[in-house]
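This is work.cif. It holds mmCIF, C-alpha atoms and all ligand atoms; chains and numbers go by the auth columns.
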data_entry
loop_
_atom_site.group_PDB
_atom_site.id
_atom_site.type_symbol
_atom_site.label_atom_id
_atom_site.label_comp_id
_atom_site.label_asym_id
_atom_site.label_seq_id
_atom_site.Cartn_x
_atom_site.Cartn_y
_atom_site.Cartn_z
_atom_site.B_iso_or_equiv
_atom_site.auth_seq_id
_atom_site.auth_asym_id
ATOM 1 C CA MET A 1 3.972 -6.306 -39.582 0.00 1 R
ATOM 2 C CA PRO A 2 1.540 -3.380 -39.739 0.00 2 R
ATOM 3 C CA ILE A 3 -1.178 -5.715 -38.446 0.00 3 R
ATOM 4 C CA TYR A 4 0.922 -6.632 -35.422 0.00 4 R
ATOM 5 C CA SER A 5 1.836 -3.100 -34.554 0.00 5 R
ATOM 6 C CA THR A 6 -1.794 -1.985 -34.810 0.00 6 R
ATOM 7 C CA THR A 7 -2.903 -4.809 -32.537 0.00 7 R
ATOM 8 C CA PHE A 8 -0.160 -3.955 -30.095 0.00 8 R
ATOM 9 C CA PHE A 9 -1.183 -0.310 -30.098 0.00 9 R
ATOM 10 C CA ILE A 10 -4.829 -1.188 -29.406 0.00 10 R
ATOM 11 C CA PHE A 11 -3.800 -3.536 -26.634 0.00 11 R
ATOM 12 C CA THR A 12 -1.575 -1.083 -24.792 0.00 12 R
ATOM 13 C CA SER A 13 -4.008 1.761 -25.206 0.00 13 R
ATOM 14 C CA THR A 14 -6.891 -0.356 -23.806 0.00 14 R
ATOM 15 C CA ALA A 15 -4.785 -1.505 -20.868 0.00 15 R
ATOM 16 C CA ARG A 16 -3.843 2.067 -20.063 0.00 16 R
ATOM 17 C CA GLN A 17 -7.453 3.190 -20.364 0.00 17 R
ATOM 18 C CA ALA A 18 -8.604 0.383 -18.069 0.00 18 R
ATOM 19 C CA LYS A 19 -6.016 1.432 -15.494 0.00 19 R
ATOM 20 C CA GLU A 20 -7.087 5.062 -15.747 0.00 20 R
ATOM 21 C CA ILE A 21 -10.741 4.078 -15.340 0.00 21 R
ATOM 22 C CA MET A 22 -9.870 2.138 -12.187 0.00 22 R
ATOM 23 C CA ILE A 23 -7.911 5.038 -10.705 0.00 23 R
ATOM 24 C CA LYS A 24 -10.781 7.394 -11.549 0.00 24 R
ATOM 25 C CA GLU A 25 -13.324 4.975 -10.120 0.00 25 R
ATOM 26 C CA ALA A 26 -11.599 4.729 -6.714 0.00 26 R
ATOM 27 C CA GLU A 27 -11.325 8.517 -6.602 0.00 27 R
ATOM 28 C CA ASP A 28 -15.013 8.929 -7.473 0.00 28 R
ATOM 29 C CA ILE A 29 -16.045 6.486 -4.767 0.00 29 R
ATOM 30 C CA LEU A 30 -14.090 8.440 -2.124 0.00 30 R
ATOM 31 C CA VAL A 31 -15.447 11.793 -3.277 0.00 31 R
ATOM 32 C CA HIS A 32 -18.982 10.368 -3.295 0.00 32 R
ATOM 33 C CA LYS A 33 -18.553 9.255 0.337 0.00 33 R
ATOM 34 C CA GLU A 34 -17.103 12.673 1.241 0.00 34 R
ATOM 35 C CA ILE A 35 -13.633 11.315 1.964 0.00 35 R
ATOM 36 C CA SER A 36 -10.722 13.340 0.605 0.00 36 R
ATOM 37 C CA PRO A 37 -8.768 11.079 -1.757 0.00 37 R
ATOM 38 C CA THR A 38 -5.269 10.888 -0.273 0.00 38 R
ATOM 39 C CA ALA A 39 -2.730 8.528 -1.854 0.00 39 R
ATOM 40 C CA MET A 40 -3.001 6.058 1.038 0.00 40 R
ATOM 41 C CA ARG A 41 -6.800 6.003 0.993 0.00 41 R
ATOM 42 C CA LEU A 42 -6.779 5.369 -2.761 0.00 42 R
ATOM 43 C CA LEU A 43 -4.265 2.567 -2.289 0.00 43 R
ATOM 44 C CA VAL A 44 -6.356 0.868 0.411 0.00 44 R
ATOM 45 C CA LEU A 45 -9.604 1.289 -1.545 0.00 45 R
ATOM 46 C CA ARG A 46 -8.114 -0.114 -4.758 0.00 46 R
ATOM 47 C CA PHE A 47 -6.824 -3.094 -2.821 0.00 47 R
ATOM 48 C CA LEU A 48 -10.257 -3.692 -1.280 0.00 48 R
ATOM 49 C CA LEU A 49 -11.928 -3.413 -4.697 0.00 49 R
ATOM 50 C CA ASN A 50 -9.792 -6.338 -5.867 0.00 50 R
ATOM 51 C CA GLN A 51 -10.708 -8.651 -2.980 0.00 51 R
ATOM 52 C CA ALA A 52 -13.216 -11.463 -3.327 0.00 52 R
ATOM 53 C CA SER A 53 -13.511 -11.914 0.443 0.00 53 R
ATOM 54 C CA ALA A 54 -13.157 -9.837 3.596 0.00 54 R
ATOM 55 C CA ILE A 55 -9.613 -9.180 4.814 0.00 55 R
ATOM 56 C CA SER A 56 -7.940 -8.433 8.128 0.00 56 R
ATOM 57 C CA LEU A 57 -5.665 -5.511 8.897 0.00 57 R
ATOM 58 C CA THR A 58 -2.660 -7.859 8.844 0.00 58 R
ATOM 59 C CA GLU A 59 -3.570 -9.218 5.390 0.00 59 R
ATOM 60 C CA LEU A 60 -4.059 -5.690 4.115 0.00 60 R
ATOM 61 C CA GLU A 61 -0.714 -4.630 5.554 0.00 61 R
ATOM 62 C CA LYS A 62 1.022 -7.576 3.832 0.00 62 R
ATOM 63 C CA GLY A 63 -0.789 -6.960 0.560 0.00 63 R
ATOM 64 C CA LEU A 64 0.122 -3.295 0.413 0.00 64 R
ATOM 65 C CA GLY A 65 3.802 -3.961 0.903 0.00 65 R
ATOM 66 C CA PRO A 66 5.781 -1.660 3.152 0.00 66 R
ATOM 67 C CA SER A 67 3.087 0.508 4.732 0.00 67 R
ATOM 68 C CA ASP A 68 2.495 1.725 8.239 0.00 68 R
ATOM 69 C CA ARG A 69 -0.021 -0.419 10.128 0.00 69 R
ATOM 70 C CA VAL A 70 -1.374 2.495 12.153 0.00 70 R
ATOM 71 C CA THR A 71 -1.959 4.539 8.978 0.00 71 R
ATOM 72 C CA ILE A 72 -3.840 1.646 7.311 0.00 72 R
ATOM 73 C CA TYR A 73 -5.893 1.178 10.477 0.00 73 R
ATOM 74 C CA ARG A 74 -6.838 4.864 10.488 0.00 74 R
ATOM 75 C CA VAL A 75 -7.863 4.639 6.823 0.00 75 R
ATOM 76 C CA LEU A 76 -10.098 1.640 7.599 0.00 76 R
ATOM 77 C CA LYS A 77 -11.680 3.407 10.581 0.00 77 R
ATOM 78 C CA LYS A 78 -12.349 6.460 8.399 0.00 78 R
ATOM 79 C CA PHE A 79 -13.916 4.253 5.703 0.00 79 R
ATOM 80 C CA GLU A 80 -16.050 2.527 8.326 0.00 80 R
ATOM 81 C CA GLU A 81 -17.216 5.819 9.803 0.00 81 R
ATOM 82 C CA LYS A 82 -18.142 7.094 6.322 0.00 82 R
ATOM 83 C CA GLY A 83 -20.132 4.013 5.341 0.00 83 R
ATOM 84 C CA LEU A 84 -17.611 2.647 2.843 0.00 84 R
ATOM 85 C CA VAL A 85 -16.505 -0.507 4.676 0.00 85 R
ATOM 86 C CA HIS A 86 -17.940 -2.600 7.476 0.00 86 R
ATOM 87 C CA SER A 87 -16.039 -4.766 9.911 0.00 87 R
ATOM 88 C CA ILE A 88 -16.919 -8.376 10.560 0.00 88 R
ATOM 89 C CA ASP A 89 -16.219 -10.400 13.662 0.00 89 R
ATOM 90 C CA ASP A 90 -15.810 -13.941 12.354 0.00 90 R
ATOM 91 C CA GLY A 91 -14.476 -15.343 15.597 0.00 91 R
ATOM 92 C CA SER A 92 -10.925 -15.560 14.239 0.00 92 R
ATOM 93 C CA GLY A 93 -9.781 -12.988 16.788 0.00 93 R
ATOM 94 C CA ALA A 94 -9.038 -10.239 14.265 0.00 94 R
ATOM 95 C CA PRO A 95 -11.800 -8.166 12.672 0.00 95 R
ATOM 96 C CA LYS A 96 -12.159 -8.490 8.897 0.00 96 R
ATOM 97 C CA TYR A 97 -13.099 -5.626 6.597 0.00 97 R
ATOM 98 C CA ALA A 98 -15.243 -5.621 3.468 0.00 98 R
ATOM 99 C CA LEU A 99 -16.626 -2.918 1.190 0.00 99 R
ATOM 100 C CA CYS A 100 -20.197 -1.869 1.891 0.00 100 R
ATOM 101 C CA ALA A 101 -23.196 -1.971 -0.342 0.00 101 R
ATOM 102 C CA GLU A 102 -23.880 1.240 -2.254 0.00 102 R
ATOM 103 C CA ASP A 103 -26.532 2.545 0.163 0.00 103 R
ATOM 104 C CA CYS A 104 -24.498 2.786 3.359 0.00 104 R
ATOM 105 C CA VAL A 105 -24.044 6.324 4.589 0.00 105 R
ATOM 106 C CA ALA A 106 -21.832 7.987 7.189 0.00 106 R
ATOM 107 C CA GLY A 107 -22.751 6.786 10.654 0.00 107 R
ATOM 108 C CA HIS A 108 -25.384 4.381 9.389 0.00 108 R
ATOM 109 C CA HIS A 109 -24.805 0.985 7.833 0.00 109 R
ATOM 110 C CA HIS A 110 -27.744 -0.555 5.993 0.00 110 R
ATOM 111 C CA ASP A 111 -26.009 -3.704 4.883 0.00 111 R
ATOM 112 C CA LEU A 112 -27.211 -6.073 7.556 0.00 112 R
ATOM 113 C CA HIS A 113 -26.366 -9.225 5.677 0.00 113 R
ATOM 114 C CA VAL A 114 -25.192 -12.629 6.745 0.00 114 R
ATOM 115 C CA HIS A 115 -21.465 -13.417 6.667 0.00 115 R
ATOM 116 C CA PHE A 116 -20.009 -16.769 5.839 0.00 116 R
ATOM 117 C CA PHE A 117 -16.831 -18.259 7.256 0.00 117 R
ATOM 118 C CA CYS A 118 -15.362 -21.224 5.392 0.00 118 R
ATOM 119 C CA ASN A 119 -13.738 -23.715 7.735 0.00 119 R
ATOM 120 C CA ALA A 120 -11.590 -25.078 4.884 0.00 120 R
ATOM 121 C CA CYS A 121 -10.033 -21.951 3.295 0.00 121 R
ATOM 122 C CA ARG A 122 -10.749 -19.754 6.354 0.00 122 R
ATOM 123 C CA GLU A 123 -12.097 -16.969 4.136 0.00 123 R
ATOM 124 C CA THR A 124 -14.924 -14.711 5.276 0.00 124 R
ATOM 125 C CA SER A 125 -17.406 -13.546 2.646 0.00 125 R
ATOM 126 C CA CYS A 126 -20.322 -11.121 2.560 0.00 126 R
ATOM 127 C CA LEU A 127 -23.641 -12.673 1.563 0.00 127 R
ATOM 128 C CA PRO A 128 -25.479 -9.475 0.539 0.00 128 R
ATOM 129 C CA LYS A 129 -28.535 -11.400 -0.684 0.00 129 R
ATOM 130 C CA SER A 130 -28.966 -13.139 2.672 0.00 130 R
ATOM 131 C CA LYS A 131 -30.482 -10.572 4.995 0.00 131 R
ATOM 132 C CA ILE A 132 -30.377 -11.003 8.764 0.00 132 R
ATOM 133 C CA PRO A 133 -33.850 -12.014 9.948 0.00 133 R
ATOM 134 C CA GLN A 134 -35.669 -9.725 12.346 0.00 134 R
ATOM 135 C CA VAL A 135 -34.955 -10.712 15.930 0.00 135 R
ATOM 136 C CA THR A 136 -37.619 -10.072 18.561 0.00 136 R
ATOM 137 C CA LEU A 137 -36.154 -8.827 21.812 0.00 137 R
ATOM 138 C CA PRO A 138 -37.727 -8.927 25.256 0.00 138 R
ATOM 139 C CA GLU A 139 -39.273 -5.693 26.447 0.00 139 R
ATOM 140 C CA GLY A 140 -36.772 -3.132 27.676 0.00 140 R
ATOM 141 C CA PHE A 141 -33.933 -4.419 25.475 0.00 141 R
ATOM 142 C CA ALA A 142 -32.440 -2.169 22.800 0.00 142 R
ATOM 143 C CA SER A 143 -30.283 -3.595 20.054 0.00 143 R
ATOM 144 C CA GLU A 144 -27.228 -1.776 18.735 0.00 144 R
ATOM 145 C CA GLU A 145 -25.813 -4.271 16.300 0.00 145 R
ATOM 146 C CA VAL A 146 -26.618 -7.704 14.985 0.00 146 R
ATOM 147 C CA ASN A 147 -24.148 -10.216 13.651 0.00 147 R
ATOM 148 C CA LEU A 148 -24.991 -13.421 11.903 0.00 148 R
ATOM 149 C CA MET A 149 -22.091 -15.637 10.995 0.00 149 R
ATOM 150 C CA VAL A 150 -22.627 -18.896 9.158 0.00 150 R
ATOM 151 C CA LYS A 151 -19.737 -21.353 9.255 0.00 151 R
ATOM 152 C CA GLY A 152 -19.259 -24.197 6.840 0.00 152 R
ATOM 153 C CA THR A 153 -17.716 -24.920 3.445 0.00 153 R
ATOM 154 C CA CYS A 154 -17.741 -22.371 0.618 0.00 154 R
ATOM 155 C CA SER A 155 -18.530 -23.208 -3.026 0.00 155 R
ATOM 156 C CA LYS A 156 -14.827 -23.119 -3.974 0.00 156 R
ATOM 157 C CA CYS A 157 -13.916 -25.691 -1.319 0.00 157 R
ATOM 158 C CA ILE A 158 -16.929 -27.998 -1.622 0.00 158 R
ATOM 159 C CA ALA A 159 -16.048 -29.094 -5.166 0.00 159 R
HETATM 160 ZN ZN ZN B . -22.174 -0.740 5.473 0.00 201 G
HETATM 161 ZN ZN ZN B . -13.538 -22.164 1.249 0.00 202 G
HETATM 162 ZN ZN ZN B . -20.443 -7.907 4.665 0.00 203 G
#
Serialized structure, structure tokens:
Amino acid sequence: MPIYSTTFFIFTSTARQAKEIMIKEAEDILVHKEISPTAMRLLVLRFLLNQASAISLTELEKGLGPSDRVTIYRVLKKFEEKGLVHSIDDGSGAPKYALCAEDCVAGHHHDLHVHFFCNACRETSCLPKSKIPQVTLPEGFASEEVNLMVKGTCSKCIA
């Protein structure tokens, strides 16, 4: 019996610590990006940290349970403005949101990577290692943003 209770104690204490670390981590990320950590912002960020692919506002709204769509939208816009998330137009009609690479700053996104849309599971993923190639524009043209969307089958679906 003592063995069991010790194991149980270690287990619960580790689980609690892990949860505390995660709460702390989300708070640190917001502070680092100069965003005041309100309860809603922490909720949205923690949800995004647990996503393997980019998500739409509707998916986020469903995932967070009863929350106000406008409030979530404002949080996302704030995150985008501060260089914490970027939005992706995958042609599905609704923009998707994903967390940025570490080096994005307010008003300037550095993560110009390729995005991948899987036709089978309809998930959109960031491909941070695949950089968008330099595009030469005709004289007199100024670029503001570049999107490169690759469509096909993801590794989960190809198997
Ligand atoms: Zn970014
Ligand atoms: Zn897939
Ligand atoms: Zn991305």
Subject >> Nearest candidate to Val75 (chain R) (options R:Met40, R:Leu48, R:Ala120, R:Ala98; using all atoms listed in the file) >> reply: R:Met40
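This file, filtered with the PyMOL selection byres (((chain R and resi 42) around 12) and not hetatm), gives the residues Met22, Ile23, Lys24, Glu25, Ala26, Glu27, Asp28, Ile29, Leu30, Val31, Ile35, Ser36, Pro37, Thr38, Ala39, Met40, Arg41, Leu43, Val44, Leu45, Arg46, Phe47, Leu48, Leu49, Leu64, Ile72, Val75, Leu76 and Phe79 of chain R.
Distance check against Asp103 (chain R) using all atoms listed in the file: of R:Val146, R:Leu84, R:Leu127, R:Cys118, the minimum falls on R:Leu84.
Interatomic distance, CA of Met149 (chain R) against CA of Leu112 (chain R): 11.4 Å.
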**OP:** Show me which residues sit within 8 Å of ligand ZN 203 (chain G) when counting all atoms listed in the file, and put them as a ChimeraX atom specification.
**Re:** /R:54,86-88,97-100,111-115,125-128
Original post:
Using only C-alpha atoms and all ligand atoms, which protein or nucleic acid residues are at most 12 Å from ligand ZN 202 (chain G), as a PyMOL selection string?
Top reply: chain R and resi 52-53+116-125+151-159
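CA of Leu148 (chain R) is positioned 10.1 Å from CA of Ser130 (chain R).
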Subject >> Pick from R:Ser56, R:Val150, R:His110, R:Val105, whichever lies nearest to Gly83 (chain R) using only C-alpha atoms >> reply: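 Closest to Gly83 (chain R) of all the choices is R:Val105.
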Subject >> Å distance separating CA of Leu57 (chain R) from CA of Lys78 (chain R), one decimal place >> reply: 13.7 Å
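Considering the residues R:Glu61, R:Glu34, R:Glu139, R:Glu81 and counting all atoms listed in the file, ligand ZN 201 (chain G) has its shortest atom-to-atom contact with R:Glu81.
Closest approach to ligand ZN 201 (chain G) among R:Gly93, R:Val70, R:Ile55, R:Glu145: R:Glu145, based on all atoms listed in the file.
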Subject >> For ligand ZN 201 (chain G), the nearest of the candidates R:Pro95, R:Gly65, R:Pro133, R:Gly107, counting only C-alpha atoms and all ligand atoms >> reply: R:Gly107
Atoms added to region 39-64 of chain R (N, CA and C atoms), reported as an mmCIF file, keeping the file's coordinate frame:
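Written output follows (part18.cif):
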data_model
loop_
_atom_site.group_PDB
_atom_site.id
_atom_site.type_symbol
_atom_site.label_atom_id
_atom_site.label_comp_id
_atom_site.auth_asym_id
_atom_site.auth_seq_id
_atom_site.Cartn_x
_atom_site.Cartn_y
_atom_site.Cartn_z
ATOM 1 N N ALA R 39 -3.388 9.654 -1.184
ATOM 2 C CA ALA R 39 -2.730 8.528 -1.854
ATOM 3 C C ALA R 39 -2.948 7.218 -1.102
ATOM 4 N N MET R 40 -2.839 7.265 0.221
ATOM 5 C CA MET R 40 -3.001 6.058 1.038
ATOM 6 C C MET R 40 -4.422 5.528 0.994
ATOM 7 N N ARG R 41 -5.391 6.419 1.047
ATOM 8 C CA ARG R 41 -6.800 6.003 0.993
ATOM 9 C C ARG R 41 -7.111 5.355 -0.346
ATOM 10 N N LEU R 42 -6.571 5.936 -1.426
ATOM 11 C CA LEU R 42 -6.779 5.369 -2.761
ATOM 12 C C LEU R 42 -6.156 3.983 -2.854
ATOM 13 N N LEU R 43 -4.989 3.839 -2.279
ATOM 14 C CA LEU R 43 -4.265 2.567 -2.289
ATOM 15 C C LEU R 43 -5.081 1.483 -1.578
ATOM 16 N N VAL R 44 -5.577 1.816 -0.383
ATOM 17 C CA VAL R 44 -6.356 0.868 0.411
ATOM 18 C C VAL R 44 -7.662 0.524 -0.320
ATOM 19 N N LEU R 45 -8.338 1.536 -0.857
ATOM 20 C CA LEU R 45 -9.604 1.289 -1.545
ATOM 21 C C LEU R 45 -9.406 0.402 -2.770
ATOM 22 N N ARG R 46 -8.376 0.694 -3.561
ATOM 23 C CA ARG R 46 -8.114 -0.114 -4.758
ATOM 24 C C ARG R 46 -7.821 -1.556 -4.380
ATOM 25 N N PHE R 47 -7.126 -1.739 -3.280
ATOM 26 C CA PHE R 47 -6.824 -3.094 -2.821
ATOM 27 C C PHE R 47 -8.119 -3.809 -2.423
ATOM 28 N N LEU R 48 -8.986 -3.104 -1.712
ATOM 29 C CA LEU R 48 -10.257 -3.692 -1.280
ATOM 30 C C LEU R 48 -11.155 -4.030 -2.477
ATOM 31 N N LEU R 49 -11.108 -3.180 -3.501
ATOM 32 C CA LEU R 49 -11.928 -3.413 -4.697
ATOM 33 C C LEU R 49 -11.530 -4.710 -5.409
ATOM 34 N N ASN R 50 -10.289 -5.121 -5.215
ATOM 35 C CA ASN R 50 -9.792 -6.338 -5.867
ATOM 36 C C ASN R 50 -9.955 -7.609 -5.035
ATOM 37 N N GLN R 51 -10.565 -7.487 -3.850
ATOM 38 C CA GLN R 51 -10.708 -8.651 -2.980
ATOM 39 C C GLN R 51 -12.032 -9.359 -3.192
ATOM 40 N N ALA R 52 -11.984 -10.688 -3.192
ATOM 41 C CA ALA R 52 -13.216 -11.463 -3.327
ATOM 42 C C ALA R 52 -13.814 -11.745 -1.955
ATOM 43 N N SER R 53 -12.994 -11.660 -0.902
ATOM 44 C CA SER R 53 -13.511 -11.914 0.443
ATOM 45 C C SER R 53 -13.000 -10.829 1.392
ATOM 46 N N ALA R 54 -13.541 -10.845 2.604
ATOM 47 C CA ALA R 54 -13.157 -9.837 3.596
ATOM 48 C C ALA R 54 -11.721 -10.077 4.059
ATOM 49 N N ILE R 55 -11.001 -9.000 4.383
ATOM 50 C CA ILE R 55 -9.613 -9.180 4.814
ATOM 51 C C ILE R 55 -9.330 -8.476 6.139
ATOM 52 N N SER R 56 -8.331 -9.005 6.834
ATOM 53 C CA SER R 56 -7.940 -8.433 8.128
ATOM 54 C C SER R 56 -6.905 -7.336 7.906
ATOM 55 N N LEU R 57 -6.660 -6.581 8.964
ATOM 56 C CA LEU R 57 -5.665 -5.511 8.897
ATOM 57 C C LEU R 57 -4.289 -6.080 8.531
ATOM 58 N N THR R 58 -3.955 -7.230 9.117
ATOM 59 C CA THR R 58 -2.660 -7.859 8.844
ATOM 60 C C THR R 58 -2.525 -8.254 7.376
ATOM 61 N N GLU R 59 -3.597 -8.836 6.810
ATOM 62 C CA GLU R 59 -3.570 -9.218 5.390
ATOM 63 C C GLU R 59 -3.425 -7.992 4.493
ATOM 64 N N LEU R 60 -4.113 -6.937 4.877
ATOM 65 C CA LEU R 60 -4.059 -5.690 4.115
ATOM 66 C C LEU R 60 -2.644 -5.101 4.169
ATOM 67 N N GLU R 61 -2.060 -5.139 5.352
ATOM 68 C CA GLU R 61 -0.714 -4.630 5.554
ATOM 69 C C GLU R 61 0.285 -5.401 4.687
ATOM 70 N N LYS R 62 0.147 -6.732 4.653
ATOM 71 C CA LYS R 62 1.022 -7.576 3.832
ATOM 72 C C LYS R 62 0.818 -7.289 2.350
ATOM 73 N N GLY R 63 -0.447 -7.162 1.962
ATOM 74 C CA GLY R 63 -0.789 -6.960 0.560
ATOM 75 C C GLY R 63 -0.317 -5.628 0.014
ATOM 76 N N LEU R 64 -0.269 -4.626 0.868
ATOM 77 C CA LEU R 64 0.122 -3.295 0.413
ATOM 78 C C LEU R 64 1.634 -3.097 0.400
#
